[in-house]
Each structure stands twice: as C-alpha cells, then as structure tokens.
>>> print(open('run-v8.tsv').read())   # TSV, C-alpha atoms and all ligand atoms
chain	number	residue	atom	x	y	z
A	1	MET	CA	-54.36	64.43	81.92
A	2	VAL	CA	-55.98	61.67	83.93
A	3	VAL	CA	-59.17	62.37	85.83
A	4	ASN	CA	-59.54	60.38	89.00
A	5	GLU	CA	-63.06	59.12	88.39
A	6	GLN	CA	-63.07	57.09	91.58
A	7	LYS	CA	-63.51	60.35	93.40
A	8	LYS	CA	-67.09	61.59	93.30
A	9	ARG	CA	-67.43	64.63	91.09
A	10	ILE	CA	-67.75	67.97	92.86
A	11	TYR	CA	-69.72	70.45	90.79
A	12	LEU	CA	-69.24	74.19	90.60
A	13	SER	CA	-72.84	74.96	91.57
A	14	ALA	CA	-75.23	72.03	91.64
A	15	PRO	CA	-79.00	72.36	92.10
A	16	HIS	CA	-80.08	72.09	95.73
A	17	MET	CA	-83.68	71.06	96.31
A	18	SER	CA	-85.50	71.74	99.55
A	19	GLY	CA	-87.74	68.69	99.38
A	20	ARG	CA	-90.93	70.70	99.10
A	21	GLU	CA	-90.75	71.17	95.32
A	22	GLN	CA	-92.65	67.95	94.64
A	23	ASP	CA	-95.61	69.07	96.76
A	24	TYR	CA	-96.06	72.06	94.47
A	25	ILE	CA	-95.64	69.95	91.36
A	26	GLY	CA	-98.17	67.48	92.79
A	27	GLU	CA	-100.65	70.32	93.24
A	28	ALA	CA	-100.20	71.36	89.63
A	29	PHE	CA	-100.82	67.79	88.49
A	30	ALA	CA	-103.87	67.42	90.74
A	31	ASP	CA	-105.41	70.55	89.24
A	32	ASN	CA	-104.16	69.75	85.72
A	33	TRP	CA	-102.33	73.09	85.43
A	34	ILE	CA	-99.67	71.68	83.10
A	35	ALA	CA	-99.24	74.86	81.08
A	36	PRO	CA	-97.30	78.11	80.87
A	37	VAL	CA	-100.09	79.75	82.85
A	38	GLY	CA	-101.61	78.83	86.19
A	39	PRO	CA	-101.76	79.61	89.89
A	40	HIS	CA	-98.10	78.79	90.58
A	41	VAL	CA	-96.95	81.30	87.96
A	42	ASP	CA	-99.02	84.10	89.51
A	43	ALA	CA	-98.06	83.15	93.05
A	44	PHE	CA	-94.35	82.82	92.19
A	45	GLU	CA	-94.38	86.34	90.73
A	46	GLN	CA	-96.09	87.79	93.78
A	47	GLU	CA	-93.92	85.94	96.27
A	48	MET	CA	-90.72	86.96	94.47
A	49	ALA	CA	-91.77	90.61	94.26
A	50	LYS	CA	-92.58	90.57	97.96
A	51	HIS	CA	-89.32	88.84	98.87
A	52	VAL	CA	-87.13	91.40	97.10
A	53	GLY	CA	-89.36	94.39	97.76
A	54	ALA	CA	-90.26	95.05	94.13
A	55	PHE	CA	-93.58	96.33	92.84
A	56	GLY	CA	-94.06	93.32	90.56
A	57	ALA	CA	-92.48	90.64	88.42
A	58	ALA	CA	-93.16	88.61	85.28
A	59	ALA	CA	-92.07	84.96	85.28
A	60	VAL	CA	-90.43	83.85	82.04
A	61	SER	CA	-88.61	80.87	80.58
A	62	SER	CA	-85.06	82.17	81.20
A	63	GLY	CA	-83.00	85.08	82.39
A	64	THR	CA	-81.97	85.67	78.78
A	65	ALA	CA	-85.63	85.98	77.79
A	66	ALA	CA	-86.12	88.52	80.58
A	67	ILE	CA	-83.25	90.67	79.24
A	68	HIS	CA	-84.66	90.37	75.73
A	69	LEU	CA	-88.09	91.54	76.91
A	70	ALA	CA	-86.53	94.46	78.79
A	71	LEU	CA	-84.73	95.63	75.64
A	72	ARG	CA	-87.90	95.24	73.62
A	73	LEU	CA	-89.87	97.28	76.17
A	74	LEU	CA	-87.20	99.99	75.99
A	75	GLN	CA	-87.71	100.00	72.22
A	76	VAL	CA	-84.19	99.16	71.19
A	77	ASN	CA	-84.19	99.32	67.41
A	78	HIS	CA	-81.81	98.10	64.76
A	79	GLY	CA	-78.52	100.00	65.09
A	80	ASP	CA	-79.28	101.44	68.53
A	81	ARG	CA	-76.47	101.35	71.03
A	82	VAL	CA	-76.74	99.37	74.25
A	83	PHE	CA	-73.96	99.42	76.85
A	84	CYS	CA	-73.14	96.24	78.74
A	85	SER	CA	-70.58	95.08	81.33
A	86	THR	CA	-67.77	93.25	79.56
A	87	LEU	CA	-66.94	90.83	82.39
A	88	THR	CA	-69.98	88.55	82.20
A	89	PHE	CA	-71.63	85.55	80.63
A	90	ILE	CA	-72.61	85.96	76.98
A	91	ALA	CA	-76.32	85.84	77.91
A	92	SER	CA	-76.05	89.44	79.19
A	93	ALA	CA	-75.31	90.69	75.66
A	94	ASN	CA	-76.93	88.19	73.30
A	95	PRO	CA	-80.35	89.88	73.56
A	96	ILE	CA	-78.75	93.12	72.28
A	97	LEU	CA	-77.84	91.16	69.14
A	98	TYR	CA	-81.39	89.72	68.92
A	99	MET	CA	-82.61	93.32	68.67
A	100	GLY	CA	-80.00	94.22	66.04
A	101	GLY	CA	-78.41	96.62	68.50
A	102	GLU	CA	-74.80	97.77	68.69
A	103	VAL	CA	-73.01	96.36	71.72
A	104	VAL	CA	-70.68	98.74	73.57
A	105	LEU	CA	-68.69	97.04	76.31
A	106	ILE	CA	-67.68	98.63	79.60
A	107	ASP	CA	-64.76	97.47	81.74
A	108	SER	CA	-64.81	96.45	85.39
A	109	GLU	CA	-63.31	98.34	88.30
A	110	PRO	CA	-61.15	96.56	90.90
A	111	GLN	CA	-63.30	96.85	94.04
A	112	THR	CA	-66.46	95.16	92.71
A	113	TRP	CA	-65.16	93.51	89.52
A	114	ASN	CA	-68.29	95.13	88.03
A	115	MET	CA	-68.99	98.05	85.71
A	116	SER	CA	-66.50	100.89	86.13
A	117	PRO	CA	-68.31	104.21	86.63
A	118	GLN	CA	-65.29	106.01	85.14
A	119	ALA	CA	-65.36	103.94	81.96
A	120	LEU	CA	-69.13	104.32	81.80
A	121	GLU	CA	-68.84	108.09	82.09
A	122	THR	CA	-66.34	108.28	79.23
A	123	ALA	CA	-68.56	106.08	77.08
A	124	LEU	CA	-71.62	108.22	77.83
A	125	LYS	CA	-69.70	111.43	77.03
A	126	ASP	CA	-68.54	110.02	73.70
A	127	ALA	CA	-72.02	108.76	72.86
A	128	GLU	CA	-73.51	112.17	73.60
A	129	LEU	CA	-70.94	113.93	71.40
A	130	GLU	CA	-71.77	111.49	68.62
A	131	GLY	CA	-75.49	112.05	69.13
A	132	ALA	CA	-76.02	108.37	69.82
A	133	LEU	CA	-76.74	107.85	73.50
A	134	PRO	CA	-77.49	104.22	74.36
A	135	LYS	CA	-81.07	103.01	74.68
A	136	ALA	CA	-80.08	101.11	77.81
A	137	VAL	CA	-77.16	100.18	80.06
A	138	ILE	CA	-77.04	96.54	81.17
A	139	VAL	CA	-75.25	96.36	84.51
A	140	VAL	CA	-74.19	92.92	85.74
A	141	HIS	CA	-73.76	91.96	89.39
A	142	LEU	CA	-71.03	89.39	88.97
A	143	TYR	CA	-70.93	86.29	91.19
A	144	GLY	CA	-73.41	88.00	93.51
A	145	GLN	CA	-71.39	91.17	94.10
A	146	CYS	CA	-73.43	94.34	93.53
A	147	ALA	CA	-72.05	96.91	91.11
A	148	ARG	CA	-71.52	100.52	92.27
A	149	MET	CA	-75.18	101.37	91.76
A	150	ASP	CA	-75.17	104.87	93.27
A	151	GLU	CA	-72.53	106.09	90.83
A	152	ILE	CA	-73.98	104.19	87.87
A	153	LEU	CA	-77.56	105.33	88.47
A	154	THR	CA	-76.43	108.94	88.92
A	155	LEU	CA	-74.51	108.88	85.65
A	156	CYS	CA	-77.28	107.17	83.70
A	157	GLY	CA	-79.83	109.52	85.26
A	158	ARG	CA	-77.79	112.53	84.12
A	159	TYR	CA	-77.98	111.30	80.51
A	160	GLY	CA	-81.54	109.97	80.81
A	161	VAL	CA	-80.49	106.41	79.98
A	162	PRO	CA	-82.47	103.54	81.60
A	163	VAL	CA	-80.60	100.82	83.49
A	164	ILE	CA	-81.29	97.09	83.21
A	165	GLU	CA	-79.83	95.14	86.12
A	166	ASP	CA	-78.63	91.69	85.16
A	167	ALA	CA	-79.06	90.19	88.62
A	168	ALA	CA	-79.02	86.60	87.30
A	169	GLU	CA	-76.20	85.75	89.71
A	170	SER	CA	-77.11	88.06	92.58
A	171	LEU	CA	-80.59	87.07	93.76
A	172	GLY	CA	-80.49	87.49	97.53
A	173	SER	CA	-77.71	90.11	97.51
A	174	THR	CA	-78.33	93.61	98.84
A	175	TYR	CA	-76.91	97.06	98.20
A	176	HIS	CA	-77.42	99.46	101.13
A	177	GLY	CA	-80.07	97.04	102.38
A	178	LYS	CA	-82.08	96.98	99.16
A	179	ALA	CA	-82.28	93.88	96.95
A	180	SER	CA	-80.15	93.70	93.83
A	181	GLY	CA	-82.40	93.72	90.79
A	182	THR	CA	-84.71	96.42	92.20
A	183	PHE	CA	-82.66	99.52	91.30
A	184	GLY	CA	-82.94	99.76	87.54
A	185	LYS	CA	-85.85	100.43	85.25
A	186	PHE	CA	-85.81	96.65	84.93
A	187	GLY	CA	-84.13	93.87	86.87
A	188	ILE	CA	-83.74	90.29	85.80
A	189	TYR	CA	-83.17	87.03	87.68
A	190	SER	CA	-82.28	83.59	86.36
A	191	PHE	CA	-83.37	80.21	87.74
A	192	ASN	CA	-81.07	78.16	85.57
A	193	GLY	CA	-79.81	74.91	87.13
A	194	ASN	CA	-76.56	76.47	88.36
A	195	LYS	CA	-78.01	79.60	89.99
A	196	ILE	CA	-78.59	80.15	93.71
A	197	ILE	CA	-82.17	78.90	93.38
A	198	THR	CA	-83.41	77.03	90.34
A	199	THR	CA	-86.50	75.92	88.46
A	200	SER	CA	-84.22	73.86	86.15
A	201	GLY	CA	-84.64	76.73	83.71
A	202	GLY	CA	-86.50	79.97	84.19
A	203	GLY	CA	-86.23	83.68	84.78
A	204	MET	CA	-87.99	86.75	86.07
A	205	LEU	CA	-88.36	90.34	84.92
A	206	LEU	CA	-88.84	92.94	87.65
A	207	SER	CA	-90.22	96.42	87.30
A	208	GLU	CA	-91.89	99.18	89.26
A	209	ASP	CA	-94.10	99.91	86.27
A	210	ALA	CA	-97.41	98.00	86.11
A	211	GLY	CA	-97.92	98.89	82.45
A	212	MET	CA	-94.48	97.55	81.50
A	213	LEU	CA	-95.10	94.28	83.33
A	214	LYS	CA	-98.43	93.86	81.60
A	215	GLN	CA	-96.75	94.50	78.26
A	216	ALA	CA	-94.00	92.02	79.15
A	217	ARG	CA	-96.54	89.25	79.81
A	218	PHE	CA	-98.32	90.17	76.57
A	219	LEU	CA	-95.11	89.97	74.51
A	220	ALA	CA	-94.12	86.75	76.29
A	221	THR	CA	-97.33	85.01	75.16
A	222	GLN	CA	-97.09	85.69	71.40
A	223	ALA	CA	-98.57	89.22	71.69
A	224	ARG	CA	-102.18	88.13	71.34
A	225	ASP	CA	-104.50	91.10	70.93
A	226	PRO	CA	-107.85	90.75	72.68
A	227	ALA	CA	-110.05	88.77	70.27
A	228	GLN	CA	-111.63	85.31	70.17
A	229	HIS	CA	-109.81	84.48	66.97
A	230	TYR	CA	-106.07	85.03	67.33
A	231	GLU	CA	-105.32	88.60	66.34
A	232	HIS	CA	-101.75	89.97	66.20
A	233	SER	CA	-100.51	93.46	65.58
A	234	GLN	CA	-97.06	93.04	67.19
A	235	MET	CA	-94.34	90.41	67.10
A	236	GLY	CA	-94.30	88.33	70.28
A	237	TYR	CA	-92.40	85.47	71.86
A	238	ASN	CA	-93.18	82.23	73.63
A	239	TYR	CA	-91.40	83.14	76.85
A	240	ARG	CA	-93.75	82.37	79.75
A	241	LEU	CA	-92.61	80.10	82.58
A	242	SER	CA	-94.33	76.74	82.92
A	243	ASN	CA	-96.72	76.38	85.86
A	244	LEU	CA	-94.87	73.22	86.93
A	245	LEU	CA	-91.55	75.04	87.07
A	246	ALA	CA	-93.09	78.00	88.85
A	247	GLY	CA	-94.11	75.48	91.53
A	248	VAL	CA	-90.48	74.44	91.88
A	249	GLY	CA	-89.56	78.13	92.09
A	250	ARG	CA	-92.02	78.78	94.94
A	251	ALA	CA	-90.47	76.01	97.03
A	252	GLN	CA	-86.95	77.23	96.19
A	253	LEU	CA	-87.76	80.82	97.09
A	254	GLN	CA	-88.73	79.69	100.60
A	255	VAL	CA	-85.14	78.58	101.20
A	256	LEU	CA	-83.38	81.44	99.39
A	257	ASN	CA	-82.18	83.08	102.62
A	258	GLU	CA	-80.71	79.77	103.82
A	259	ARG	CA	-79.01	79.30	100.46
A	260	VAL	CA	-77.39	82.74	100.75
A	261	GLU	CA	-76.15	81.93	104.25
A	262	ALA	CA	-74.76	78.58	103.08
A	263	ARG	CA	-72.86	80.13	100.17
A	264	ARG	CA	-71.47	82.88	102.37
A	265	GLU	CA	-70.34	80.21	104.84
A	266	ILE	CA	-68.62	78.30	102.03
A	267	PHE	CA	-66.83	81.50	101.02
A	268	ALA	CA	-65.79	82.15	104.64
A	269	THR	CA	-64.36	78.63	104.92
A	270	TYR	CA	-62.33	78.99	101.72
A	271	ARG	CA	-61.00	82.32	102.89
A	272	ARG	CA	-60.12	81.04	106.34
A	273	GLU	CA	-58.33	78.01	104.92
A	274	LEU	CA	-56.60	79.55	101.91
A	275	ALA	CA	-56.05	83.25	102.55
A	276	GLY	CA	-52.66	82.53	104.15
A	277	LEU	CA	-51.24	81.08	100.94
A	278	PRO	CA	-49.00	83.45	98.97
A	279	GLY	CA	-50.58	85.39	96.12
A	280	ILE	CA	-54.25	84.54	96.78
A	281	SER	CA	-56.81	87.38	96.97
A	282	PHE	CA	-60.51	86.79	97.31
A	283	MET	CA	-63.17	88.78	95.47
A	284	PRO	CA	-63.85	91.82	97.66
A	285	GLU	CA	-67.23	92.75	99.12
A	286	LEU	CA	-68.03	96.41	98.54
A	287	GLU	CA	-68.79	98.33	101.72
A	288	GLY	CA	-72.52	98.71	102.31
A	289	THR	CA	-73.34	95.65	100.24
A	290	ARG	CA	-73.99	92.05	101.10
A	291	THR	CA	-73.22	89.54	98.38
A	292	ASN	CA	-74.85	86.12	98.10
A	293	ARG	CA	-71.37	84.74	97.23
A	294	TRP	CA	-72.98	82.75	94.41
A	295	LEU	CA	-69.50	81.60	93.46
A	296	THR	CA	-66.36	81.97	95.52
A	297	ALA	CA	-63.99	83.81	93.19
A	298	LEU	CA	-60.35	84.64	93.76
A	299	THR	CA	-57.29	85.82	91.91
A	300	LEU	CA	-53.79	84.46	91.98
A	301	ASP	CA	-50.69	86.60	91.68
A	302	GLU	CA	-48.27	84.39	89.78
A	303	ARG	CA	-45.15	86.19	91.03
A	304	GLU	CA	-46.06	85.53	94.65
A	305	ALA	CA	-47.73	82.15	94.26
A	306	GLY	CA	-45.21	80.70	91.85
A	307	LEU	CA	-47.96	79.27	89.65
A	308	THR	CA	-50.87	80.38	87.50
A	309	SER	CA	-54.58	79.82	88.02
A	310	PRO	CA	-54.81	77.42	85.01
A	311	ARG	CA	-52.43	75.13	86.86
A	312	ILE	CA	-54.77	75.03	89.86
A	313	LEU	CA	-57.71	74.43	87.53
A	314	GLN	CA	-55.81	71.51	86.04
A	315	ALA	CA	-55.04	70.01	89.45
A	316	LEU	CA	-58.70	70.34	90.48
A	317	HIS	CA	-59.81	68.79	87.22
A	318	GLU	CA	-57.58	65.78	87.81
A	319	GLU	CA	-59.30	65.33	91.17
A	320	ASN	CA	-62.69	65.34	89.42
A	321	ILE	CA	-63.51	68.78	90.81
A	322	GLU	CA	-65.27	71.31	88.60
A	323	ALA	CA	-63.79	74.80	88.81
A	324	ARG	CA	-63.71	77.59	86.21
A	325	PRO	CA	-61.76	80.62	85.15
A	326	VAL	CA	-63.46	83.96	85.66
A	327	TRP	CA	-65.74	84.81	82.69
A	328	LYS	CA	-63.82	85.58	79.54
A	329	PRO	CA	-64.56	89.28	78.90
A	330	LEU	CA	-67.06	89.84	76.10
A	331	HIS	CA	-64.65	92.14	74.23
A	332	ARG	CA	-62.43	89.02	73.83
A	333	GLN	CA	-65.25	86.92	72.38
A	334	PRO	CA	-65.04	86.31	68.62
A	335	LEU	CA	-68.81	86.93	68.42
A	336	LEU	CA	-68.32	90.50	69.60
A	337	ALA	CA	-64.99	91.24	67.96
A	338	GLY	CA	-65.02	94.81	66.73
A	339	SER	CA	-67.39	96.03	69.45
A	340	ARG	CA	-66.37	99.25	71.08
A	341	TYR	CA	-64.76	98.76	74.49
A	342	TYR	CA	-64.11	101.27	77.27
A	343	ARG	CA	-61.35	100.46	79.77
A	344	HIS	CA	-61.12	101.50	83.39
A	345	GLU	CA	-58.64	104.39	83.66
A	346	GLY	CA	-56.48	103.22	80.79
A	347	ARG	CA	-56.04	99.71	82.10
A	348	SER	CA	-58.21	96.71	81.28
A	349	VAL	CA	-59.27	95.41	84.70
A	350	SER	CA	-61.47	92.68	83.22
A	351	ASP	CA	-58.53	91.26	81.28
A	352	ASP	CA	-56.43	91.09	84.45
A	353	LEU	CA	-59.28	89.34	86.29
A	354	PHE	CA	-59.69	86.87	83.44
A	355	ALA	CA	-55.96	86.13	83.40
A	356	THR	CA	-55.66	85.55	87.14
A	357	GLY	CA	-59.17	84.63	88.32
A	358	LEU	CA	-60.64	81.37	89.45
A	359	CYS	CA	-64.12	80.24	90.61
A	360	LEU	CA	-64.32	77.43	93.14
A	361	PRO	CA	-67.13	74.94	93.76
A	362	SER	CA	-69.70	76.84	95.80
A	363	GLY	CA	-72.98	74.90	95.71
A	364	SER	CA	-75.05	75.31	98.86
A	365	GLY	CA	-75.52	71.52	98.95
A	366	MET	CA	-71.78	70.82	98.94
A	367	LEU	CA	-70.64	68.71	101.91
A	368	GLU	CA	-67.93	69.83	104.31
A	369	VAL	CA	-65.72	66.88	103.31
A	370	GLU	CA	-66.14	67.87	99.68
A	371	GLN	CA	-65.04	71.41	100.38
A	372	GLN	CA	-62.06	70.02	102.31
A	373	ARG	CA	-61.12	68.00	99.22
A	374	VAL	CA	-61.06	71.22	97.17
A	375	ILE	CA	-59.02	73.02	99.83
A	376	SER	CA	-56.42	70.26	100.19
A	377	CYS	CA	-56.00	69.97	96.45
A	378	ILE	CA	-55.29	73.72	96.19
A	379	ARG	CA	-52.93	73.61	99.18
A	380	ARG	CA	-51.02	70.65	97.80
A	381	THR	CA	-50.68	72.24	94.37
A	382	MET	CA	-49.53	75.56	95.78
A	383	ASN	CA	-47.08	74.03	98.22
A	384	ALA	CA	-45.56	71.98	95.43
A	385	ALA	CA	-45.14	75.17	93.39
A	386	VAL	CA	-43.48	76.96	96.32
A	387	GLN	CA	-41.03	74.09	96.72
A	388	GLU	CA	-40.23	74.06	93.02
A	389	THR	CA	-39.60	77.80	93.02
A	390	GLY	CA	-37.55	77.44	96.20
A	391	SER	CA	-35.32	74.78	94.69
A	392	ARG	CA	-34.94	76.84	91.52
A	393	CYS	CA	-33.77	79.77	93.65
A	394	ILE	CA	-31.30	77.62	95.53
A	395	ALA	CA	-30.05	76.13	92.27
A	396	SER	CA	-29.33	79.60	90.91
A	397	PHE	CA	-27.04	80.31	93.90
A	398	LEU	CA	-25.05	77.13	93.48
A	399	PRO	CA	-21.66	77.50	91.82
A	400	ASN	CA	-21.64	75.85	88.41
A	501	LIG	C1	-77.12	82.77	83.97
A	501	LIG	C2	-76.92	84.13	83.51
A	501	LIG	C3	-77.78	84.73	82.57
A	501	LIG	C4	-78.79	83.98	81.78
A	501	LIG	O1	-79.76	83.33	82.48
A	501	LIG	P1	-80.50	82.09	81.79
A	501	LIG	O2	-81.64	81.85	82.72
A	501	LIG	O3	-79.54	80.96	81.75
A	501	LIG	O4	-80.95	82.51	80.44
A	501	LIG	C5	-77.58	86.06	82.26
A	501	LIG	N1	-76.60	86.78	82.82
A	501	LIG	C6	-75.75	86.25	83.71
A	501	LIG	C7	-74.70	87.12	84.29
A	501	LIG	C8	-75.86	84.90	84.07
A	501	LIG	O5	-74.98	84.38	84.92
>>> encode(input="run-v8.tsv", output="structure tokens", more="lines below")
Ligand SMILES: *Cc1c(COP(=O)(O)O)cnc(C)c1O
Amino acid sequence: MVVNEQKKRIYLSAPHMSGREQDYIGEAFADNWIAPVGPHVDAFEQEMAKHVGAFGAAAVSSGTAAIHLALRLLQVNHGDRVFCSTLTFIASANPILYMGGEVVLIDSEPQTWNMSPQALETALKDAELEGALPKAVIVVHLYGQCARMDEILTLCGRYGVPVIEDAAESLGSTYHGKASGTFGKFGIYSFNGNKIITTSGGGMLLSEDAGMLKQARFLATQARDPAQHYEHSQMGYNYRLSNLLAGVGRAQLQVLNERVEARREIFATYRRELAGLPGISFMPELEGTRTNRWLTALTLDEREAGLTSPRILQALHEENIEARPVWKPLHRQPLLAGSRYYRHEGRSVSDDLFATGLCLPSGSGMLEVEQQRVISCIRRTMNAAVQETGSRCIASFLPN
C-alpha cells in the first residue's frame, strides 16, 4: 500500500487553538505559577462548572485519572464489580483494573450506540441474585452522542448503584437541554489532544458533592494530611492539572460552543454529500439530545454498498487521510478476555458496529477543501465498487 505523501495529511481530530491560549500561558509565566496549582487551575474549574451547569469540578491530569478518582471515591475494592459500556476506548475500563475490580461489560443499543438499558437491567438482576451488585456503572457517551440517561439512571437508582458518566468525548453535548457529564454521581471530561477542546493532556472530574470534590483534590495531590511535615494516612496520586495547561483550557473553553457548531457542520456536510450512496447510514442522534458530533461516525452495509468499511479505510489511508474503525468492543480485547458480557436482546450490537463502522476526519479546524478530499475519495471508492459488482452481475448472466 502506497501512501500519497505529497498530499497533506488530514487528521482524524487535530487540536484547534483559538489564539488566546498564549495570553493565559504568558500570565502564568509572568506570575511564576509554573506548578500543578495556581489561579488558572481554580478559574478553569469554576468556568467549566459554570459552563456545563455543574456544582463544581476538579481539574486533573487526564480523563483516565478522573475516572480512577471517581472509582476510588466510590470505594471500589479488590474484587468489586464495576459495569462499563463495552463499545469504548480502553481508558473507560482501565481504572477498574487499577482498583482490582471485576469488569462487567454492557452492550450498546442501536439508536445511541451506547449502553443498552435492557442489557444493563439483565446484568443488574443477575448481580442482585448473586449478591454482588456493582459499586458503579460507567456509562460512555460515544462520539458525543448521549446514552439513554433516563432509563439508565432509573435502573441504577432502583438498585442504588451510582453512575459515573464518561463524557470524555461528549463535552458540549446535551440531553434534554442539560449538559452531558452532569447526570451521574460523577462525570468526567478529557482534554487530550484529540478531544473537542484540549489542554494537550488533561481532564476534569465533576460532582454535585462539595465533600467529594475536596476529597478528589486531596487524593490527586498525594493525600497530604494537614501538617507542616508531610503526613500521610491514605494512598494518593499525583493527578493535578498543571497551571500552564489550565490556562490553555480556559482559552479553549471560551470557544467550546463554536467548536461544537463546527463539528456539527462537518457532520451535516458529510451527510449531505454521502447519504445518497448505497449502504451508508450515519450515527443517529437520539431525540431530545444534541450531540457535539465529536467524530462523524457511520456504518456501511456491505450487501448494499458492495464493499466493506476496511476497504474505505484503506483508500483513505492511501490518500494520506486518517480515519478509524469504530472502537473495538472491550469484550474483544485480549486484556479483558474472560470478562462477563451482556448483549442487547440476544444480539451483540457493539460487534455489528465494530464490523461495519467508520469514523471520518472531524476536526473543527479542518478546511472545506480537506473535507472535500475525504468526500471524493469515499465517492470514488464506492462508485468503483458499484461498477465492479455491476460487471460481476452482468458476467453471471452471460452464456458461458
Ligand atoms: C479520551 C477518552 C478517555 C480518556 O481520556 P484521557 O484524557 O486521554 O485519559 C476516556 N474515555 C473515553 C471514551 C475517551 O475517548
């Protein structure tokens, strides 16, 4: 496979600076706040909480760290069960392993591609019968699309199980007008380089509970008990966000709404230009929700399209365009082999999505001509496949 390197690389989701980040960094330098504490950290937390309508937030070094802290605050112990969406990035579940917990994976449902309430209900029933209800349920909002929170919160409420929302990909999305990440006992955001806003690396833990947030900051700074000498009665972590990076985050947060609009526009363009092709279906948007369309995701029906999504990935790759399959479900990961897995109504929706799904370049800084390059490459590849299939059909009618 030859990659056409003459063509400028188009990334899946490149960082998109506003231009104001350096002012904040300059301020931090001027005041010599080059540390994992400082005025930008406090201000970033307050501004984020205000933006999403949360009581408060704790800024940390990554989204993964935020999930880890949430599990620690919920006192997950060795051997405790934690449920998690199966169709997600490994970072959703790794912190369960850090805590020595038992990962139980829950399938997606077709409308949201997110946690299936039916599968969750079965898993909760089983866990109750076995006297081992989970300590938490980690619900992921994939590619910006909110999970069915009403159903999930009702079920978890019935069993008294707290919900952690992995909103790493869905900052700026809303469910019935309320921000994703503000429904669970905890919510987490990520500011990794590929997310909708970035601090290069960083994360945030959200909660309505002042005591929990205080405890999160305590655990994130090596759990130092109040004393002049360093006194420790609990195990802590070095998880606070740098004041420099929090400055970047403050500038990024100011343009979050614009970034959501840009990504939704990119999605709309892909749909307008590609929806007519045979076999293509775009990721749905659940009624009553508004997704940030972090990544434009679609599925391809091979029987109608005459080709598989890996073939499109290959064609894009040759054009120096970065695209990806949908996340490989966690129950297919060697790391989690043997974990219990609950399917959606007897059928594994996440496996189907993995087999047929595709994520297209969706960065808010992507140029129109770049998006057109992606679109023409897909069109060309699909048209070629249609012609091939067509000629195969004709050939089969010819007398031999
Ligand atoms: C990016 C991501 C994370 C992890 O965030 P980091 O800041 O990279 O640690 C967790 N869950 C999901 C679904 C993600 O996409």
>>> residues_around(input="run-v8.tsv", residues="stretch 146-157 of chain A", least_positions_apart="4", cutoff="6 Å", atoms="only C-alpha atoms", output="PyMOL selection string")
chain A and resi 114+117+141+161
>>> closest_residue(input="run-v8.tsv", among="A:His16, A:Arg264, A:His68, A:Lys185", to="ligand LIG 501 (chain A)", atoms="only C-alpha atoms and all ligand atoms")
A:His68
>>> residues_near_ligand(input="run-v8.tsv", ligand="ligand LIG 501 (chain A)", cutoff="10 Å", atoms="only C-alpha atoms and all ligand atoms", output="PyMOL selection string")
chain A and resi 60-68+85+87-95+138-144+165-170+188-195+198-204+294+327
>>> residues_around(input="run-v8.tsv", residues="stretch 329-332 of chain A", least_positions_apart="6", cutoff="12 Å", atoms="all atoms listed in the file", output="PyMOL selection string")
chain A and resi 83-94+103-108+113-115+142+338-343+348-355+357
>>> residues_around(input="run-v8.tsv", residues="A:Gly365", least_positions_apart="6", cutoff="9 Å", atoms="only C-alpha atoms", output="PyMOL selection string")
chain A and resi 13-17+259+262
>>> atom_distance(input="run-v8.tsv", atom1="atom CA of A:Phe55", atom2="atom CA of A:Phe186")
11.1 Å
>>> atom_distance(input="run-v8.tsv", atom1="atom CA of A:Arg272", atom2="atom CA of A:Asn4")
27.0 Å
>>> atom_distance(input="run-v8.tsv", atom1="atom CA of A:Pro284", atom2="atom CA of A:Phe183")
21.3 Å
>>> closest_atom_pairs(input="run-v8.tsv", of="stretch 55-93 of chain A", to="stretch 208-230 of chain A", cutoff="8 Å", atoms="all atoms listed in the file", output="tab-separated table")
residue	atom	partner	partner_atom	distance
A:Phe55	CA	A:Glu208	CA	4.9
A:Gly56	CA	A:Glu208	CA	6.4
A:Ala57	CA	A:Leu213	CA	6.8
A:Ala58	CA	A:Leu213	CA	6.3
A:Val60	CA	A:Ala220	CA	7.4
A:Leu69	CA	A:Ala216	CA	6.3
A:Ala70	CA	A:Ala216	CA	7.9
A:Leu73	CA	A:Met212	CA	7.1
